[in-house]
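> Please see the structure below; I have some questions.
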Amino acid sequence: MDQQTIINDLRALGIGRQYLGYHVTIQAVEMVLEDENRLLCIKQGVFVPLAEEQQCDWRTVERNIRTIIHRAWTVNRPYLSELAGYPLQQEPTVTEFVEILSAHLLRQNEA
């Protein structure tokens with residue numbers, strides 16, 4: 001999958017490299033694209049492996065992605081809803097956000 005597409009979507013949501021969660025969000029989406037079952041248990045499937053790689057606690061990974069989500073929700077809520085393909089009534093959870101980005105990439109790839 002093209003990492004540049006993920007980067008472009010994050011940029012459109014107001015998220016740049018200055019955020020600690022920037023790289024782990026990209027990695028989380030890539031991990032889910034490799035195996036969508038990781039969404040079923042995101043802690044063990046995504047947070048723990050990324051935390052081990054980053055040498056931090058899994059909760060730090062989750063918090064950093066939540067910061068990314070809050071930024072996206074604050075800066076460009078309409079585009080986030082567009083990526084989701086449905087109107088969002090509230091800020092998505094980490095699992096929802098990673099699923100939204102990965103599903104969007106899969107839809108783009110199919111087109």
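By order of appearance in the structure tokens: chains A, B, ..., then residues from 1 within every chain, and ligands from 1 in the order shown.
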Can you pull out every residue within 9 Å of Ala12 (chain A), counting only C-alpha atoms, but drop anything in the same chain fewer than 5 positions away, and send it as an MDAnalysis selection string?
chainID A and resid 7 72 76 79
> Within 7 Å of region 87-101 of chain A, counting only C-alpha atoms, which residues show up once you throw out same-chain ones fewer than 2 positions away? Write them as a PyMOL selection string, please.
chain A and resi 28-29+39+42+65-66+73+81+83-84+103-105
> Take the residues just selected and output them with all heavy atoms as a tab-separated table (two decimals), in the first residue's frame.

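Wrote again_8.tsv, looks like this:
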chain	number	residue	atom	x	y	z
A	28	ALA	N	0.26	1.93	12.26
A	28	ALA	CA	-0.95	1.22	12.67
A	28	ALA	C	-1.83	0.93	11.46
A	28	ALA	O	-2.35	-0.19	11.31
A	28	ALA	CB	-1.72	2.04	13.71
A	29	VAL	N	-1.99	1.91	10.59
A	29	VAL	CA	-2.81	1.72	9.39
A	29	VAL	C	-2.17	0.65	8.50
A	29	VAL	O	-2.86	-0.25	7.99
A	29	VAL	CB	-3.00	3.04	8.62
A	29	VAL	CG1	-3.65	2.81	7.27
A	29	VAL	CG2	-3.80	4.03	9.45
A	39	LEU	N	-7.73	-5.33	14.03
A	39	LEU	CA	-8.75	-4.41	14.57
A	39	LEU	C	-9.60	-5.07	15.65
A	39	LEU	O	-10.17	-4.39	16.49
A	39	LEU	CB	-9.66	-3.91	13.45
A	39	LEU	CG	-9.06	-2.90	12.49
A	39	LEU	CD1	-10.00	-2.68	11.31
A	39	LEU	CD2	-8.76	-1.59	13.19
A	42	ILE	N	-7.14	-4.59	19.03
A	42	ILE	CA	-6.16	-3.58	18.62
A	42	ILE	C	-5.02	-3.44	19.62
A	42	ILE	O	-3.89	-3.15	19.24
A	42	ILE	CB	-6.84	-2.23	18.31
A	42	ILE	CG1	-5.90	-1.37	17.47
A	42	ILE	CG2	-7.31	-1.55	19.58
A	42	ILE	CD1	-6.57	-0.24	16.73
A	65	ILE	N	-2.05	8.35	19.36
A	65	ILE	CA	-3.01	8.27	18.26
A	65	ILE	C	-4.27	9.04	18.61
A	65	ILE	O	-4.86	9.71	17.76
A	65	ILE	CB	-3.31	6.80	17.89
A	65	ILE	CG1	-2.04	6.11	17.36
A	65	ILE	CG2	-4.42	6.72	16.83
A	65	ILE	CD1	-2.18	4.63	17.09
A	66	ARG	N	-4.69	9.00	19.89
A	66	ARG	CA	-5.85	9.79	20.30
A	66	ARG	C	-5.60	11.28	20.09
A	66	ARG	O	-6.51	12.03	19.72
A	66	ARG	CB	-6.23	9.51	21.76
A	66	ARG	CG	-7.11	8.28	21.90
A	66	ARG	CD	-7.69	8.13	23.30
A	66	ARG	NE	-6.69	7.56	24.20
A	66	ARG	CZ	-6.20	8.14	25.27
A	66	ARG	NH1	-6.62	9.31	25.64
A	66	ARG	NH2	-5.30	7.54	26.01
A	73	TRP	N	-10.20	15.87	14.25
A	73	TRP	CA	-11.58	16.24	14.57
A	73	TRP	C	-11.72	17.75	14.68
A	73	TRP	O	-12.70	18.33	14.23
A	73	TRP	CB	-11.98	15.56	15.87
A	73	TRP	CG	-13.39	15.77	16.28
A	73	TRP	CD1	-13.83	16.58	17.28
A	73	TRP	CD2	-14.56	15.17	15.73
A	73	TRP	NE1	-15.20	16.51	17.40
A	73	TRP	CE2	-15.67	15.64	16.45
A	73	TRP	CE3	-14.77	14.27	14.70
A	73	TRP	CZ2	-16.98	15.25	16.16
A	73	TRP	CZ3	-16.06	13.87	14.42
A	73	TRP	CH2	-17.14	14.37	15.14
A	81	SER	N	-15.16	12.91	8.07
A	81	SER	CA	-16.44	12.25	7.74
A	81	SER	C	-16.43	11.74	6.31
A	81	SER	O	-16.97	10.67	6.01
A	81	SER	CB	-17.61	13.21	7.95
A	81	SER	OG	-17.86	13.41	9.31
A	83	LEU	N	-13.78	10.72	4.65
A	83	LEU	CA	-12.96	9.52	4.66
A	83	LEU	C	-13.74	8.33	5.21
A	83	LEU	O	-13.63	7.21	4.72
A	83	LEU	CB	-11.69	9.72	5.51
A	83	LEU	CG	-10.63	10.67	4.98
A	83	LEU	CD1	-9.50	10.79	5.99
A	83	LEU	CD2	-10.11	10.22	3.64
A	84	ALA	N	-14.55	8.60	6.24
A	84	ALA	CA	-15.34	7.53	6.86
A	84	ALA	C	-16.42	7.02	5.92
A	84	ALA	O	-16.79	5.85	5.96
A	84	ALA	CB	-15.96	8.03	8.16
A	103	ALA	N	-9.83	1.56	5.57
A	103	ALA	CA	-10.92	1.30	4.62
A	103	ALA	C	-10.89	2.30	3.47
A	103	ALA	O	-11.14	1.93	2.31
A	103	ALA	CB	-12.27	1.37	5.35
A	104	HIS	N	-10.58	3.54	3.77
A	104	HIS	CA	-10.47	4.56	2.71
A	104	HIS	C	-9.36	4.19	1.73
A	104	HIS	O	-9.55	4.29	0.51
A	104	HIS	CB	-10.20	5.93	3.34
A	104	HIS	CG	-9.87	6.99	2.34
A	104	HIS	ND1	-10.80	7.51	1.47
A	104	HIS	CD2	-8.69	7.60	2.04
A	104	HIS	CE1	-10.22	8.40	0.70
A	104	HIS	NE2	-8.94	8.47	1.03
A	105	LEU	N	-8.24	3.74	2.24
A	105	LEU	CA	-7.13	3.36	1.37
A	105	LEU	C	-7.50	2.15	0.50
A	105	LEU	O	-7.15	2.10	-0.68
A	105	LEU	CB	-5.89	3.06	2.19
A	105	LEU	CG	-5.22	4.29	2.79
A	105	LEU	CD1	-4.16	3.88	3.79
A	105	LEU	CD2	-4.61	5.14	1.70
> Neighbouring residues of Gly16 (chain A) were defined as those with any atom within 10 Å, considering only C-alpha atoms; residues of the same chain fewer than 6 positions away were excluded. Please report them as a PDB file with N, CA and C atoms, in the first residue's frame.

ATOM      1  N   ILE A   7      -0.035   9.558   4.271  1.00  0.00           N
ATOM      2  CA  ILE A   7       0.568  10.844   4.632  1.00  0.00           C
ATOM      3  C   ILE A   7      -0.291  11.986   4.102  1.00  0.00           C
ATOM      4  N   ASN A   8      -0.765  11.873   2.862  1.00  0.00           N
ATOM      5  CA  ASN A   8      -1.610  12.920   2.274  1.00  0.00           C
ATOM      6  C   ASN A   8      -2.913  13.083   3.044  1.00  0.00           C
ATOM      7  N   LEU A  10      -3.432  12.310   6.220  1.00  0.00           N
ATOM      8  CA  LEU A  10      -3.120  12.922   7.521  1.00  0.00           C
ATOM      9  C   LEU A  10      -2.866  14.418   7.358  1.00  0.00           C
ATOM     10  N   TYR A  22       2.197  10.720  14.779  1.00  0.00           N
ATOM     11  CA  TYR A  22       2.209  10.734  13.309  1.00  0.00           C
ATOM     12  C   TYR A  22       2.704   9.397  12.742  1.00  0.00           C
ATOM     13  N   HIS A  23       3.896   9.002  13.129  1.00  0.00           N
ATOM     14  CA  HIS A  23       4.494   7.790  12.570  1.00  0.00           C
ATOM     15  C   HIS A  23       3.785   6.530  13.051  1.00  0.00           C
ATOM     16  N   ILE A  68      -3.768  12.545  17.714  1.00  0.00           N
ATOM     17  CA  ILE A  68      -3.925  12.709  16.264  1.00  0.00           C
ATOM     18  C   ILE A  68      -5.405  12.819  15.908  1.00  0.00           C
TER      19      ILE A  68
END
> Taking only C-alpha atoms into account, name the residue in A:Cys56, A:Arg77, A:Leu33, A:Leu13 that is nearest to Arg107 (chain A).
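For Arg107 (chain A), the nearest of the given residues is A:Leu33.
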> In Å, how far is it from CA of Tyr19 (chain A) to CA of Asn64 (chain A)?
7.9 Å
> If you run DSSP on this backbone, which residues of chain A come out as alpha helix (DSSP H), and could you give them as a ChimeraX atom specification?
/A:3-12,21-34,42,48-54,58-75,77-84,94-110
> What is the distance, in Å and to one decimal place, between CA of Gln27 (chain A) and CA of Arg63 (chain A)?
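Atom-to-atom, CA of Gln27 (chain A) and CA of Arg63 (chain A) are spaced 14.9 Å apart.
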> When you draw a straight line from CA of Trp58 (chain A) to CA of Lys43 (chain A), how long is it in Å?
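Answer for the CA of Trp58 (chain A) to CA of Lys43 (chain A) separation: 7.4 Å.
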> With distances taken over only C-alpha atoms, which of A:Gln108, A:Gln3, A:Ser102, A:Thr67 is nearest to Leu20 (chain A)?
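With only C-alpha atoms as the atom set, the closest residue is A:Thr67.
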